[in-house]
2 protein chains.
Amino acid sequence: MSDHEENSSPKIHVQTPPMAAPSGNSRTPAMDSSGVAGVLRRWKREDFMKRGSFGLRGIAFLFSLISFIVMASNKHGDWREFDKYEEYRYLLAIAILSSLYTGGQTFRQVREFSTGKQLLKPRMAAMVDFFGDQFIAYLLISSVSSAVSLTNRMREGADNIFTDSSAAAISMSIFAFMCLAVSALISGYKLSTQSYI
Amino acid sequence: MSDHEENSSPKIHVQTPPMAAPSGNSRTPAMDSSGVAGVLRRWKREDFMKRGSFGLRGIAFLFSLISFIVMASNKHGDWREFDKYEEYRYLLAIAILSSLYTGGQTFRQVREFSTGKQLLKPRMAAMVDFFGDQFIAYLLISSVSSAVSLTNRMREGADNIFTDSSAAAISMSIFAFMCLAVSALISGYKLSTQSYI
């Protein structure tokens, strides 16, 4: 029985879908280093990464959109208007940029999933993904840091709806930064595997 | 003559050092996809990357050390003392952290070059390199952004030796950030090639 199972296992692996392969494989550790199991594991990992980076960009899009809306509506008259402070204008500009970038990327990925047609060449797409994610992540953390120090200074004097809205917009930008930082890691992995295809 | 050259070319490639292989290879494009040339090209690229990331960390170490010294000696009495502003204290703290990290990494790499002995396992070292570089790069850009907005605001009122020294320290931190950002790209590439060895 055991002998028969070992002999037929490569065929089973080929016929089962990628998701089911590792569980059927757990009793035969020697199979782990074989070609078929390795390829299946790699497919599964790449599929997971593709969906992971898609989800992360979608979440980053939501967070930067909220940050943009909260900051843009942060006008309460007198000194409590966001456009009197360059740090808040910077945060708003980067939130808009990040919304456009992550929105565009999500749109492109949804279109690729539905039509199965690639808008860019795979290598080109991997480079755009990686440099875009990394660049927007650096911009977001930079805008957040400058806005945080101004808000901190203001809250020492007064704590009102203006400073609270600013703090909310800053938090949303921080969440968007976190999603994009993880997405940049995944895109960096994808970029470097591209070279060997 | 041409036929003889093509037949003997694989032997020539094996005997020449990796640096000379691509120039001797340029007349026979069919050889580019062969195993030997591919391995030699990969060795050359990895060697270049190893030295590249070593040089970049060394330069980042110098820049963050200068930033740390300039900011720490920025005390000119009255309101012109760096430790009265949390943004400058933050910049100083991150410059110290970055000096320690890049100094430690450079020391480790120099020691590995001279003794040929690895302090960490290759996979572990690649992970420490990548996450360290990326994390310090984010910290540096964050501290720079918060210090820039404070310095800008101060220079609207007064432009003296205190604001000039702050601006110098900020510039040095920006250069250190640039070196570490490029180094993080290289380490990310190295980390992802580790999985396939």
# chains A, B, ... in the order shown; residues from 1 in each chain; ligands from 1
$ residues_around --residues "Thr102 (chain A)" --least-positions-apart "3" --cutoff "6 Å" --atoms "only C-alpha atoms" --output "list in words"
Arg57, Phe61, Ser98, Ser99 and Gln105 of chain A
$ interface_residues --of "chain B" --to "chain A" --cutoff "12 Å" --atoms "only C-alpha atoms" --output "mmCIF file with N, CA and C atoms, in the first residue's frame"
data_model
loop_
_atom_site.group_PDB
_atom_site.id
_atom_site.type_symbol
_atom_site.label_atom_id
_atom_site.label_comp_id
_atom_site.auth_asym_id
_atom_site.auth_seq_id
_atom_site.Cartn_x
_atom_site.Cartn_y
_atom_site.Cartn_z
ATOM 1 N N SER B 33 23.255 32.229 -23.943
ATOM 2 C CA SER B 33 22.249 31.464 -23.225
ATOM 3 C C SER B 33 22.821 30.146 -22.697
ATOM 4 N N GLY B 38 26.147 32.013 -18.457
ATOM 5 C CA GLY B 38 25.123 32.470 -17.524
ATOM 6 C C GLY B 38 25.627 32.489 -16.096
ATOM 7 N N VAL B 39 26.327 31.417 -15.702
ATOM 8 C CA VAL B 39 26.841 31.341 -14.334
ATOM 9 C C VAL B 39 27.889 32.422 -14.105
ATOM 10 N N ARG B 42 26.285 35.700 -13.672
ATOM 11 C CA ARG B 42 25.641 35.802 -12.370
ATOM 12 C C ARG B 42 26.665 36.062 -11.274
ATOM 13 N N TYR B 85 14.164 71.475 21.141
ATOM 14 C CA TYR B 85 13.183 71.151 20.101
ATOM 15 C C TYR B 85 13.151 69.639 19.896
ATOM 16 N N GLU B 86 11.961 69.037 20.008
ATOM 17 C CA GLU B 86 11.910 67.576 19.928
ATOM 18 C C GLU B 86 12.247 67.058 18.533
ATOM 19 N N GLU B 87 11.996 67.882 17.478
ATOM 20 C CA GLU B 87 12.327 67.444 16.125
ATOM 21 C C GLU B 87 13.834 67.236 15.987
ATOM 22 N N TYR B 88 14.617 68.156 16.577
ATOM 23 C CA TYR B 88 16.075 68.033 16.464
ATOM 24 C C TYR B 88 16.593 66.885 17.334
ATOM 25 N N TYR B 90 14.933 64.189 17.857
ATOM 26 C CA TYR B 90 14.572 63.004 17.055
ATOM 27 C C TYR B 90 15.613 62.773 15.965
ATOM 28 N N LEU B 91 15.987 63.862 15.258
ATOM 29 C CA LEU B 91 16.992 63.739 14.190
ATOM 30 C C LEU B 91 18.301 63.201 14.760
ATOM 31 N N MET B 127 18.533 38.549 5.530
ATOM 32 C CA MET B 127 17.328 39.119 6.131
ATOM 33 C C MET B 127 17.656 40.314 7.014
ATOM 34 N N PHE B 130 18.459 43.282 4.780
ATOM 35 C CA PHE B 130 17.347 43.906 4.085
ATOM 36 C C PHE B 130 16.446 44.664 5.051
ATOM 37 N N PHE B 131 16.004 43.974 6.136
ATOM 38 C CA PHE B 131 15.061 44.637 7.032
ATOM 39 C C PHE B 131 15.734 45.797 7.763
ATOM 40 N N GLN B 134 16.066 48.791 5.229
ATOM 41 C CA GLN B 134 14.757 49.376 4.934
ATOM 42 C C GLN B 134 14.227 50.161 6.131
ATOM 43 N N PHE B 135 14.373 49.591 7.314
ATOM 44 C CA PHE B 135 13.859 50.212 8.527
ATOM 45 C C PHE B 135 14.601 51.519 8.820
ATOM 46 N N ILE B 136 15.926 51.503 8.738
ATOM 47 C CA ILE B 136 16.706 52.716 9.014
ATOM 48 C C ILE B 136 16.417 53.779 7.948
ATOM 49 N N ALA B 137 16.192 53.346 6.693
ATOM 50 C CA ALA B 137 15.876 54.320 5.639
ATOM 51 C C ALA B 137 14.559 55.027 5.950
ATOM 52 N N TYR B 138 13.542 54.264 6.397
ATOM 53 C CA TYR B 138 12.267 54.891 6.747
ATOM 54 C C TYR B 138 12.445 55.843 7.932
ATOM 55 N N LEU B 139 13.219 55.438 8.935
ATOM 56 C CA LEU B 139 13.439 56.296 10.100
ATOM 57 C C LEU B 139 14.136 57.590 9.691
ATOM 58 N N LEU B 140 15.158 57.480 8.817
ATOM 59 C CA LEU B 140 15.908 58.668 8.406
ATOM 60 C C LEU B 140 15.005 59.654 7.670
ATOM 61 N N ILE B 141 14.210 59.168 6.700
ATOM 62 C CA ILE B 141 13.374 60.104 5.934
ATOM 63 C C ILE B 141 12.326 60.723 6.855
ATOM 64 N N SER B 142 11.869 59.959 7.848
ATOM 65 C CA SER B 142 10.885 60.495 8.789
ATOM 66 C C SER B 142 11.488 61.609 9.642
ATOM 67 N N SER B 143 12.711 61.385 10.192
ATOM 68 C CA SER B 143 13.326 62.405 11.048
ATOM 69 C C SER B 143 13.671 63.643 10.233
ATOM 70 N N VAL B 144 14.131 63.435 8.976
ATOM 71 C CA VAL B 144 14.475 64.576 8.124
ATOM 72 C C VAL B 144 13.238 65.436 7.867
ATOM 73 N N SER B 145 12.101 64.785 7.542
ATOM 74 C CA SER B 145 10.904 65.558 7.205
ATOM 75 C C SER B 145 10.437 66.401 8.372
ATOM 76 N N SER B 146 10.465 65.829 9.593
ATOM 77 C CA SER B 146 9.974 66.614 10.719
ATOM 78 C C SER B 146 10.929 67.761 11.030
ATOM 79 N N ALA B 147 12.254 67.540 10.886
ATOM 80 C CA ALA B 147 13.205 68.616 11.181
ATOM 81 C C ALA B 147 13.163 69.699 10.107
ATOM 82 N N VAL B 148 12.926 69.312 8.844
ATOM 83 C CA VAL B 148 12.893 70.306 7.768
ATOM 84 C C VAL B 148 11.796 71.335 8.010
ATOM 85 N N SER B 149 10.594 70.870 8.408
ATOM 86 C CA SER B 149 9.499 71.826 8.532
ATOM 87 C C SER B 149 9.761 72.808 9.677
ATOM 88 N N LEU B 150 10.388 72.330 10.779
ATOM 89 C CA LEU B 150 10.710 73.248 11.880
ATOM 90 C C LEU B 150 11.760 74.265 11.442
ATOM 91 N N THR B 151 12.803 73.804 10.749
ATOM 92 C CA THR B 151 13.878 74.700 10.319
ATOM 93 C C THR B 151 13.352 75.753 9.352
ATOM 94 N N ASN B 152 12.487 75.321 8.422
ATOM 95 C CA ASN B 152 11.872 76.252 7.478
ATOM 96 C C ASN B 152 11.139 77.372 8.196
ATOM 97 N N ARG B 153 10.362 76.994 9.206
ATOM 98 C CA ARG B 153 9.576 77.948 9.977
ATOM 99 C C ARG B 153 10.492 78.930 10.716
ATOM 100 N N ILE B 174 19.876 63.394 4.811
ATOM 101 C CA ILE B 174 19.241 63.076 3.522
ATOM 102 C C ILE B 174 20.176 62.217 2.672
ATOM 103 N N PHE B 177 20.179 58.770 3.938
ATOM 104 C CA PHE B 177 18.945 58.098 3.532
ATOM 105 C C PHE B 177 19.055 57.565 2.109
ATOM 106 N N MET B 178 19.610 58.417 1.206
ATOM 107 C CA MET B 178 19.707 57.987 -0.201
ATOM 108 C C MET B 178 20.568 56.731 -0.332
ATOM 109 N N ALA B 181 18.666 53.760 1.004
ATOM 110 C CA ALA B 181 17.542 53.359 0.159
ATOM 111 C C ALA B 181 18.043 52.493 -1.000
ATOM 112 N N VAL B 182 19.172 52.894 -1.621
ATOM 113 C CA VAL B 182 19.734 52.086 -2.712
ATOM 114 C C VAL B 182 20.247 50.754 -2.162
ATOM 115 N N ALA B 184 19.103 49.152 0.359
ATOM 116 C CA ALA B 184 17.956 48.285 0.652
ATOM 117 C C ALA B 184 17.474 47.574 -0.609
ATOM 118 N N LEU B 185 17.520 48.280 -1.757
ATOM 119 C CA LEU B 185 17.150 47.636 -3.027
ATOM 120 C C LEU B 185 18.055 46.440 -3.291
ATOM 121 N N ILE B 186 19.383 46.668 -3.132
ATOM 122 C CA ILE B 186 20.357 45.603 -3.409
ATOM 123 C C ILE B 186 20.144 44.443 -2.442
ATOM 124 N N SER B 187 19.922 44.753 -1.144
ATOM 125 C CA SER B 187 19.727 43.679 -0.168
ATOM 126 C C SER B 187 18.446 42.916 -0.454
ATOM 127 N N GLY B 188 17.407 43.622 -0.943
ATOM 128 C CA GLY B 188 16.155 42.960 -1.287
ATOM 129 C C GLY B 188 16.375 41.963 -2.405
ATOM 130 N N TYR B 189 17.180 42.361 -3.384
ATOM 131 C CA TYR B 189 17.514 41.446 -4.473
ATOM 132 C C TYR B 189 18.252 40.227 -3.937
ATOM 133 N N LYS B 190 19.232 40.472 -3.037
ATOM 134 C CA LYS B 190 20.016 39.353 -2.489
ATOM 135 C C LYS B 190 19.144 38.421 -1.668
ATOM 136 N N LEU B 191 18.197 39.006 -0.888
ATOM 137 C CA LEU B 191 17.322 38.191 -0.045
ATOM 138 C C LEU B 191 16.493 37.235 -0.888
ATOM 139 N N SER B 192 15.972 37.723 -2.015
ATOM 140 C CA SER B 192 15.076 36.876 -2.795
ATOM 141 C C SER B 192 15.841 35.828 -3.602
ATOM 142 N N THR B 193 17.122 36.068 -3.910
ATOM 143 C CA THR B 193 17.874 35.016 -4.597
ATOM 144 C C THR B 193 18.293 33.928 -3.616
ATOM 145 N N GLN B 194 18.342 34.252 -2.319
ATOM 146 C CA GLN B 194 18.708 33.261 -1.301
ATOM 147 C C GLN B 194 17.784 32.049 -1.313
ATOM 148 N N SER B 195 16.474 32.284 -1.579
ATOM 149 C CA SER B 195 15.487 31.205 -1.455
ATOM 150 C C SER B 195 15.773 30.052 -2.400
ATOM 151 N N TYR B 196 16.468 30.329 -3.508
ATOM 152 C CA TYR B 196 16.611 29.297 -4.529
ATOM 153 C C TYR B 196 17.923 28.540 -4.436
#
$ residues_around --residues "region 68-76 of chain B" --least-positions-apart "3" --cutoff "7 Å" --atoms "only C-alpha atoms" --output "list of chain:residue names"
B:Ser64, B:Leu65, B:Arg80, B:Glu81, B:Phe82, B:Leu92, B:Ala95, B:Ile96, B:Phe162, B:Ser165, B:Ser166, B:Ala169
$ write_last_selection --atoms "C-alpha atoms" --output "PDB file, in the first residue's frame"
ATOM      1  CA  SER B  64      25.130  59.834   9.477  1.00  0.00           C
ATOM      2  CA  LEU B  65      28.211  60.306  11.675  1.00  0.00           C
ATOM      3  CA  ARG B  80      19.477  78.430  19.935  1.00  0.00           C
ATOM      4  CA  GLU B  81      20.031  74.997  21.507  1.00  0.00           C
ATOM      5  CA  PHE B  82      19.030  71.873  19.630  1.00  0.00           C
ATOM      6  CA  LEU B  92      19.952  63.292  16.555  1.00  0.00           C
ATOM      7  CA  ALA B  95      21.472  59.783  13.260  1.00  0.00           C
ATOM      8  CA  ILE B  96      23.077  57.936  16.212  1.00  0.00           C
ATOM      9  CA  PHE B 162      21.879  77.767  14.635  1.00  0.00           C
ATOM     10  CA  SER B 165      23.954  74.058  11.413  1.00  0.00           C
ATOM     11  CA  SER B 166      20.533  72.403  11.583  1.00  0.00           C
ATOM     12  CA  ALA B 169      22.780  68.139   9.735  1.00  0.00           C
TER      13      ALA B 169
END
$ select_by_dssp --residues "region 6-194 of chain A" --states "alpha helix (DSSP H)" --output "number ranges by chain"
A: 6-15, 21-25, 35-72, 86-115, 122-157, 161-194
$ atom_distance --atom1 "CA of Arg155 (chain A)" --atom2 "CA of Phe175 (chain A)"
21.8 Å
